[in-house]
$ cat target.pdb   # PDB, C-alpha atoms, pLDDT in the B column
ATOM      1  CA  MET A 231       6.066  77.811 -27.376  1.00 57.00           C
ATOM      2  CA  ALA A 232       2.811  77.014 -25.693  1.00 68.00           C
ATOM      3  CA  LYS A 233      -0.228  76.353 -27.719  1.00 76.00           C
ATOM      4  CA  ILE A 234      -3.068  78.725 -27.079  1.00 80.00           C
ATOM      5  CA  ARG A 235      -6.239  76.875 -26.187  1.00 81.00           C
ATOM      6  CA  SER A 236      -9.658  78.009 -25.392  1.00 87.00           C
ATOM      7  CA  VAL A 237     -11.235  77.578 -21.980  1.00 87.00           C
ATOM      8  CA  ASP A 238     -13.701  75.054 -23.412  1.00 88.00           C
ATOM      9  CA  GLU A 239     -10.844  72.900 -24.747  1.00 89.00           C
ATOM     10  CA  ILE A 240      -9.059  73.029 -21.421  1.00 87.00           C
ATOM     11  CA  LEU A 241     -12.234  72.112 -19.550  1.00 90.00           C
ATOM     12  CA  ALA A 242     -12.927  69.262 -21.968  1.00 90.00           C
ATOM     13  CA  ARG A 243      -9.349  67.880 -21.570  1.00 89.00           C
ATOM     14  CA  LEU A 244      -9.539  68.151 -17.796  1.00 89.00           C
ATOM     15  CA  GLN A 245     -12.949  66.441 -17.794  1.00 93.00           C
ATOM     16  CA  GLU A 246     -11.500  63.585 -19.912  1.00 93.00           C
ATOM     17  CA  GLN A 247      -8.647  63.169 -17.427  1.00 92.00           C
ATOM     18  CA  VAL A 248     -11.058  63.208 -14.459  1.00 92.00           C
ATOM     19  CA  ASP A 249     -13.286  60.620 -16.140  1.00 92.00           C
ATOM     20  CA  PHE A 250     -10.328  58.434 -17.098  1.00 92.00           C
ATOM     21  CA  HIS A 251      -8.643  58.542 -13.690  1.00 92.00           C
ATOM     22  CA  GLY A 252     -11.995  58.134 -11.911  1.00 90.00           C
ATOM     23  CA  GLU A 253     -12.746  55.002 -13.962  1.00 93.00           C
ATOM     24  CA  ARG A 254      -9.210  53.631 -13.368  1.00 92.00           C
ATOM     25  CA  GLU A 255      -9.440  54.385  -9.654  1.00 92.00           C
ATOM     26  CA  SER A 256     -12.780  52.539  -9.318  1.00 90.00           C
ATOM     27  CA  PHE A 257     -11.445  49.647 -11.429  1.00 92.00           C
ATOM     28  CA  HIS A 258      -8.364  49.288  -9.216  1.00 91.00           C
ATOM     29  CA  ALA A 259     -10.457  49.647  -6.071  1.00 89.00           C
ATOM     30  CA  ALA A 260     -12.610  46.727  -7.276  1.00 90.00           C
ATOM     31  CA  GLN A 261      -9.453  44.773  -8.131  1.00 91.00           C
ATOM     32  CA  GLU A 262      -8.037  45.598  -4.708  1.00 90.00           C
ATOM     33  CA  GLU A 263     -11.209  44.274  -3.084  1.00 88.00           C
ATOM     34  CA  LEU A 264     -11.042  41.091  -5.147  1.00 88.00           C
ATOM     35  CA  HIS A 265      -7.347  40.611  -4.387  1.00 90.00           C
ATOM     36  CA  ARG A 266      -7.953  41.242  -0.692  1.00 89.00           C
ATOM     37  CA  GLU A 267     -10.647  38.516  -0.673  1.00 90.00           C
ATOM     38  CA  GLN A 268      -8.427  36.112  -2.588  1.00 90.00           C
ATOM     39  CA  ARG A 269      -5.494  36.895  -0.328  1.00 89.00           C
ATOM     40  CA  SER A 270      -7.521  36.203   2.806  1.00 89.00           C
ATOM     41  CA  SER A 271      -8.882  32.989   1.271  1.00 89.00           C
ATOM     42  CA  HIS A 272      -5.392  31.791   0.341  1.00 90.00           C
ATOM     43  CA  ALA A 273      -4.006  32.836   3.717  1.00 89.00           C
ATOM     44  CA  ALA A 274      -6.627  30.698   5.494  1.00 90.00           C
ATOM     45  CA  ALA A 275      -5.926  27.726   3.190  1.00 89.00           C
ATOM     46  CA  LEU A 276      -2.177  28.168   3.707  1.00 89.00           C
ATOM     47  CA  GLU A 277      -2.578  28.180   7.477  1.00 92.00           C
ATOM     48  CA  GLU A 278      -4.712  25.008   7.361  1.00 91.00           C
ATOM     49  CA  ALA A 279      -2.204  23.252   5.074  1.00 91.00           C
ATOM     50  CA  ARG A 280       0.729  24.248   7.307  1.00 91.00           C
ATOM     51  CA  ARG A 281      -1.092  23.020  10.408  1.00 92.00           C
ATOM     52  CA  ARG A 282      -1.889  19.661   8.808  1.00 92.00           C
ATOM     53  CA  LEU A 283       1.638  19.315   7.415  1.00 91.00           C
ATOM     54  CA  GLU A 284       3.158  19.906  10.845  1.00 93.00           C
ATOM     55  CA  SER A 285       0.837  17.393  12.519  1.00 92.00           C
ATOM     56  CA  PHE A 286       1.484  14.832   9.764  1.00 92.00           C
ATOM     57  CA  GLN A 287       5.265  15.301  10.030  1.00 92.00           C
ATOM     58  CA  ALA A 288       5.082  14.883  13.804  1.00 92.00           C
ATOM     59  CA  ALA A 289       2.946  11.740  13.469  1.00 92.00           C
ATOM     60  CA  ALA A 290       5.244  10.325  10.783  1.00 91.00           C
ATOM     61  CA  ALA A 291       8.309  10.953  12.928  1.00 90.00           C
ATOM     62  CA  GLU A 292       6.651   9.196  15.871  1.00 91.00           C
ATOM     63  CA  ALA A 293       5.618   6.276  13.646  1.00 90.00           C
ATOM     64  CA  VAL A 294       9.152   5.910  12.273  1.00 89.00           C
ATOM     65  CA  GLU A 295      10.547   6.018  15.809  1.00 88.00           C
ATOM     66  CA  LEU A 296       8.045   3.366  16.918  1.00 86.00           C
ATOM     67  CA  ALA A 297       8.749   1.160  13.903  1.00 84.00           C
ATOM     68  CA  ASP A 298      12.502   1.346  14.507  1.00 83.00           C
ATOM     69  CA  ARG A 299      12.154  -0.192  17.957  1.00 82.00           C
ATOM     70  CA  ASP A 300      13.276  -3.803  18.235  1.00 74.00           C
ATOM     71  CA  VAL A 301      10.407  -5.045  20.375  1.00 71.00           C
ATOM     72  CA  VAL A 302       9.540  -8.228  18.492  1.00 65.00           C
ATOM     73  CA  PRO A 303      12.293 -10.819  18.860  1.00 61.00           C
ATOM     74  CA  LYS A 304      13.655 -12.069  15.581  1.00 58.00           C
ATOM     75  CA  LYS A 305      13.589 -15.817  15.068  1.00 56.00           C
ATOM     76  CA  ARG A 306      16.819 -17.413  14.151  1.00 51.00           C
ATOM     77  CA  GLN A 307      17.146 -20.752  12.476  1.00 47.00           C
ATOM     78  CA  GLY A 308      18.863 -22.142  15.559  1.00 49.00           C
ATOM     79  CA  GLU A 309      15.947 -21.197  17.838  1.00 49.00           C
ATOM     80  CA  ASP A 310      13.155 -23.135  16.120  1.00 54.00           C
ATOM     81  CA  PRO A 311      13.870 -26.877  16.230  1.00 50.00           C
ATOM     82  CA  GLU A 312      11.289 -27.624  13.535  1.00 56.00           C
ATOM     83  CA  ILE A 313      13.062 -25.348  11.045  1.00 60.00           C
ATOM     84  CA  GLN A 314      16.401 -26.976  11.907  1.00 65.00           C
ATOM     85  CA  ASN A 315      14.958 -30.359  10.910  1.00 74.00           C
ATOM     86  CA  LEU A 316      14.069 -29.437   7.314  1.00 74.00           C
ATOM     87  CA  GLY A 317      17.032 -31.254   5.815  1.00 68.00           C
ATOM     88  CA  SER A 318      19.733 -29.984   3.540  1.00 74.00           C
ATOM     89  CA  ALA A 319      19.107 -27.888   0.445  1.00 68.00           C
ATOM     90  CA  ALA A 320      20.020 -30.859  -1.759  1.00 68.00           C
ATOM     91  CA  ARG A 321      17.730 -33.277   0.150  1.00 72.00           C
ATOM     92  CA  PRO A 322      14.944 -31.205   1.735  1.00 76.00           C
ATOM     93  CA  LYS A 323      12.298 -32.793   3.933  1.00 77.00           C
ATOM     94  CA  VAL A 324       9.254 -31.543   2.058  1.00 82.00           C
ATOM     95  CA  GLY A 325       6.846 -33.446   4.322  1.00 83.00           C
ATOM     96  CA  ARG A 326       8.041 -31.490   7.364  1.00 84.00           C
ATOM     97  CA  MET A 327       7.739 -28.223   5.461  1.00 85.00           C
ATOM     98  CA  VAL A 328       4.152 -29.058   4.505  1.00 86.00           C
ATOM     99  CA  THR A 329       3.357 -30.077   8.095  1.00 86.00           C
ATOM    100  CA  LEU A 330       4.592 -26.673   9.313  1.00 86.00           C
ATOM    101  CA  LEU A 331       2.332 -24.934   6.770  1.00 87.00           C
ATOM    102  CA  LEU A 332      -0.674 -27.069   7.707  1.00 87.00           C
ATOM    103  CA  LYS A 333      -0.421 -25.978  11.354  1.00 87.00           C
ATOM    104  CA  GLU A 334      -1.242 -22.435  10.204  1.00 85.00           C
ATOM    105  CA  LYS A 335      -4.336 -23.463   8.227  1.00 85.00           C
ATOM    106  CA  GLY A 336      -7.816 -23.544   9.730  1.00 83.00           C
ATOM    107  CA  PRO A 337      -9.407 -26.933  10.429  1.00 82.00           C
ATOM    108  CA  ASP A 338     -12.017 -26.533   7.644  1.00 85.00           C
ATOM    109  CA  GLU A 339      -9.811 -24.571   5.238  1.00 87.00           C
ATOM    110  CA  ARG A 340      -9.514 -26.336   1.889  1.00 87.00           C
ATOM    111  CA  PHE A 341      -6.162 -26.557   0.146  1.00 87.00           C
ATOM    112  CA  GLY A 342      -4.655 -28.283  -2.830  1.00 87.00           C
ATOM    113  CA  GLY A 343      -1.237 -29.325  -4.041  1.00 85.00           C
ATOM    114  CA  GLN A 344      -0.605 -26.305  -6.252  1.00 89.00           C
ATOM    115  CA  GLU A 345      -1.339 -23.848  -3.457  1.00 89.00           C
ATOM    116  CA  LEU A 346       0.948 -25.717  -1.049  1.00 89.00           C
ATOM    117  CA  CYS A 347       3.676 -25.892  -3.732  1.00 88.00           C
ATOM    118  CA  ARG A 348       3.634 -22.109  -4.035  1.00 90.00           C
ATOM    119  CA  GLU A 349       3.681 -21.635  -0.262  1.00 89.00           C
ATOM    120  CA  VAL A 350       6.536 -24.116   0.298  1.00 87.00           C
ATOM    121  CA  ASN A 351       8.605 -22.620  -2.520  1.00 88.00           C
ATOM    122  CA  GLN A 352       8.038 -19.109  -1.218  1.00 88.00           C
ATOM    123  CA  ARG A 353       8.440 -19.700   2.511  1.00 85.00           C
ATOM    124  CA  PHE A 354      11.286 -22.226   2.450  1.00 83.00           C
ATOM    125  CA  ARG A 355      13.245 -21.063  -0.597  1.00 83.00           C
ATOM    126  CA  ASP A 356      16.382 -20.756   1.548  1.00 81.00           C
ATOM    127  CA  HIS A 357      16.124 -24.484   2.377  1.00 79.00           C
ATOM    128  CA  LEU A 358      15.571 -25.634  -1.214  1.00 84.00           C
ATOM    129  CA  LYS A 359      18.127 -26.151  -3.951  1.00 85.00           C
ATOM    130  CA  ARG A 360      15.320 -26.662  -6.509  1.00 86.00           C
ATOM    131  CA  ALA A 361      11.686 -25.667  -6.257  1.00 86.00           C
ATOM    132  CA  VAL A 362       9.189 -28.300  -5.125  1.00 85.00           C
ATOM    133  CA  ASP A 363       6.994 -29.462  -8.007  1.00 87.00           C
ATOM    134  CA  SER A 364       3.401 -30.673  -8.051  1.00 84.00           C
ATOM    135  CA  ILE A 365       4.395 -34.345  -8.347  1.00 85.00           C
ATOM    136  CA  GLN A 366       6.430 -34.176  -5.121  1.00 86.00           C
ATOM    137  CA  MET A 367       3.594 -32.329  -3.422  1.00 87.00           C
ATOM    138  CA  SER A 368       0.962 -34.892  -4.450  1.00 87.00           C
ATOM    139  CA  VAL A 369       3.133 -37.690  -3.007  1.00 89.00           C
ATOM    140  CA  VAL A 370       3.473 -35.800   0.292  1.00 87.00           C
ATOM    141  CA  LEU A 371      -0.276 -35.095   0.442  1.00 88.00           C
ATOM    142  CA  ARG A 372      -1.167 -38.754  -0.228  1.00 89.00           C
ATOM    143  CA  ARG A 373       1.196 -39.855   2.560  1.00 90.00           C
ATOM    144  CA  LEU A 374      -0.283 -37.338   4.998  1.00 89.00           C
ATOM    145  CA  GLU A 375      -3.779 -38.550   4.086  1.00 90.00           C
ATOM    146  CA  ARG A 376      -2.799 -42.193   4.670  1.00 91.00           C
ATOM    147  CA  ARG A 377      -1.464 -41.237   8.110  1.00 90.00           C
ATOM    148  CA  GLY A 378      -4.759 -39.469   8.949  1.00 87.00           C
ATOM    149  CA  ILE A 379      -3.204 -35.996   9.313  1.00 87.00           C
ATOM    150  CA  ILE A 380      -5.299 -34.539   6.471  1.00 89.00           C
ATOM    151  CA  HIS A 381      -8.542 -35.692   4.810  1.00 87.00           C
ATOM    152  CA  GLN A 382      -9.555 -35.557   1.169  1.00 87.00           C
ATOM    153  CA  VAL A 383     -12.773 -33.648   0.431  1.00 87.00           C
ATOM    154  CA  ARG A 384     -12.609 -33.821  -3.359  1.00 88.00           C
ATOM    155  CA  PRO A 385     -10.744 -36.449  -5.384  1.00 87.00           C
ATOM    156  CA  GLY A 386      -8.448 -35.266  -8.116  1.00 84.00           C
ATOM    157  CA  ARG A 387      -9.204 -35.525 -11.816  1.00 84.00           C
ATOM    158  CA  PRO A 388      -7.002 -34.886 -14.848  1.00 83.00           C
ATOM    159  CA  TYR A 389      -8.481 -31.388 -15.077  1.00 85.00           C
ATOM    160  CA  LYS A 390      -9.019 -30.716 -11.333  1.00 87.00           C
ATOM    161  CA  GLU A 391      -6.657 -31.140  -8.402  1.00 87.00           C
ATOM    162  CA  ALA A 392      -7.643 -32.980  -5.240  1.00 86.00           C
ATOM    163  CA  LEU A 393      -8.657 -30.850  -2.259  1.00 87.00           C
ATOM    164  CA  TYR A 394      -7.907 -31.596   1.385  1.00 87.00           C
ATOM    165  CA  VAL A 395      -8.781 -30.289   4.869  1.00 88.00           C
ATOM    166  CA  ARG A 396      -7.095 -30.785   8.232  1.00 84.00           C
ATOM    167  CA  GLU A 397     -10.119 -32.114  10.122  1.00 84.00           C
ATOM    168  CA  LYS A 398     -12.403 -34.809   8.774  1.00 79.00           C
ATOM    169  CA  PRO A 399     -15.682 -33.336   7.528  1.00 75.00           C
ATOM    170  CA  ALA A 400     -18.841 -34.520   9.303  1.00 69.00           C
TER     171      ALA A 400
END

$ encode --input "target.pdb" --output "structure tokens"
Amino acid sequence: MAKIRSVDEILARLQEQVDFHGERESFHAAQEELHREQRSSHAAALEEARRRLESFQAAAAEAVELADRDVVPKKRQGEDPEIQNLGSAARPKVGRMVTLLLKEKGPDERFGGQELCREVNQRFRDHLKRAVDSIQMSVVLRRLERRGIIHQVRPGRPYKEALYVREKPA
């Protein structure tokens, strides 16, 4: 059974509904505007990111293809006669190894025994049974100095290693 209401009550209820739905409609319209702005902002950022991703993937694929080419000939041990002459692993020719390293150094570049030890041990580890130590290196450097191949620029001390250069300082 329907409740009997007065016209004022009905008008008041309808006015409440109009106010409520009007407020909700304006709220959602504002939200729709905000979401439309955010959507367009994200769509532009998405398009930019996709464009950059595609160009990066294309560049990476080209770089990989270029890097995979065998343009630079690989040196083999048999091709370089100086590397063939480095002796056996049990009896390496450390002097020849050092001479090869010195060819790569600048004429005024200073070097010491410890630095050359590290370089010889790293570069020629396949030719060495045991690592070259500082005593072996100092003997090689003294011999090279006596032969005039390198020149001492600072004598060694118990707390400081001797330094050498390829060309005699003026």

$ residues_around --input "target.pdb" --residues "Gly378 in chain A" --least-positions-apart "5" --cutoff "12 Å" --atoms "all atoms listed in the file" --output "PyMOL selection string"
chain A and resi 371-373+394-398

$ resolve_selection --input "target.pdb" --expression "the PyMOL selection byres ((chain A and resi 393) around 12)" --output "list in words"
Asp338, Glu339, Arg340, Phe341, Gly342, Gly343, Gln344, Glu345, Leu346, Ser368, Leu371, Arg372, Glu375, Ile380, His381, Gln382, Val383, Arg384, Pro385, Gly386, Arg387, Lys390, Glu391, Ala392, Tyr394, Val395 and Arg396 of chain A

$ atom_distance --input "target.pdb" --atom1 "CA of Arg269 in chain A" --atom2 "CA of Glu253 in chain A"
23.8 Å

$ atom_distance --input "target.pdb" --atom1 "CA of Val328 in chain A" --atom2 "CA of Gln366 in chain A"
11.1 Å

$ residues_near_point --input "target.pdb" --point "(8.8, -25.9, -3.2)" --cutoff "8 Å" --atoms "only C-alpha atoms" --output "NGL selection string"
:A and (324 or 347-352 or 354-355 or 358 or 360-363)

$ atom_distance --input "target.pdb" --atom1 "CA of Ala274 in chain A" --atom2 "CA of Phe286 in chain A"
18.3 Å

$ build_atoms --input "target.pdb" --residues "range 247-261 of chain A" --atoms "N, CA, C and O atoms" --output "compact mmCIF listing (two decimals), in the coordinates of the input"
# COMPACT_ATOMS: atom_id res chain seq x y z
N GLN A 247 -9.60 63.70 -18.39
CA GLN A 247 -8.65 63.17 -17.43
C GLN A 247 -9.36 62.74 -16.14
O GLN A 247 -9.07 61.68 -15.58
N VAL A 248 -10.30 63.55 -15.67
CA VAL A 248 -11.06 63.21 -14.46
C VAL A 248 -11.84 61.93 -14.68
O VAL A 248 -11.85 61.02 -13.84
N ASP A 249 -12.51 61.82 -15.84
CA ASP A 249 -13.29 60.62 -16.14
C ASP A 249 -12.38 59.39 -16.22
O ASP A 249 -12.68 58.33 -15.66
N PHE A 250 -11.26 59.56 -16.94
CA PHE A 250 -10.33 58.43 -17.10
C PHE A 250 -9.78 57.98 -15.75
O PHE A 250 -9.83 56.80 -15.41
N HIS A 251 -9.24 58.90 -14.97
CA HIS A 251 -8.64 58.54 -13.69
C HIS A 251 -9.70 58.07 -12.69
O HIS A 251 -9.42 57.18 -11.86
N GLY A 252 -10.90 58.61 -12.77
CA GLY A 252 -12.00 58.13 -11.91
C GLY A 252 -12.35 56.69 -12.24
O GLY A 252 -12.55 55.86 -11.34
N GLU A 253 -12.44 56.38 -13.54
CA GLU A 253 -12.75 55.00 -13.96
C GLU A 253 -11.63 54.06 -13.55
O GLU A 253 -11.88 52.97 -13.05
N ARG A 254 -10.37 54.47 -13.73
CA ARG A 254 -9.21 53.63 -13.37
C ARG A 254 -9.15 53.42 -11.85
O ARG A 254 -8.84 52.35 -11.37
N GLU A 255 -9.47 54.49 -11.11
CA GLU A 255 -9.44 54.38 -9.65
C GLU A 255 -10.50 53.41 -9.17
O GLU A 255 -10.25 52.56 -8.32
N SER A 256 -11.71 53.46 -9.73
CA SER A 256 -12.78 52.54 -9.32
C SER A 256 -12.45 51.11 -9.77
O SER A 256 -12.71 50.15 -9.04
N PHE A 257 -11.85 50.97 -10.96
CA PHE A 257 -11.44 49.65 -11.43
C PHE A 257 -10.43 49.03 -10.46
O PHE A 257 -10.56 47.88 -10.05
N HIS A 258 -9.40 49.80 -10.10
CA HIS A 258 -8.36 49.29 -9.22
C HIS A 258 -8.89 49.07 -7.80
O HIS A 258 -8.41 48.16 -7.09
N ALA A 259 -9.85 49.86 -7.39
CA ALA A 259 -10.46 49.65 -6.07
C ALA A 259 -11.19 48.31 -6.07
O ALA A 259 -11.11 47.53 -5.11
N ALA A 260 -11.92 48.02 -7.17
CA ALA A 260 -12.61 46.73 -7.28
C ALA A 260 -11.60 45.59 -7.32
O ALA A 260 -11.78 44.54 -6.68
N GLN A 261 -10.50 45.80 -8.07
CA GLN A 261 -9.45 44.77 -8.13
C GLN A 261 -8.82 44.57 -6.76
O GLN A 261 -8.53 43.45 -6.36
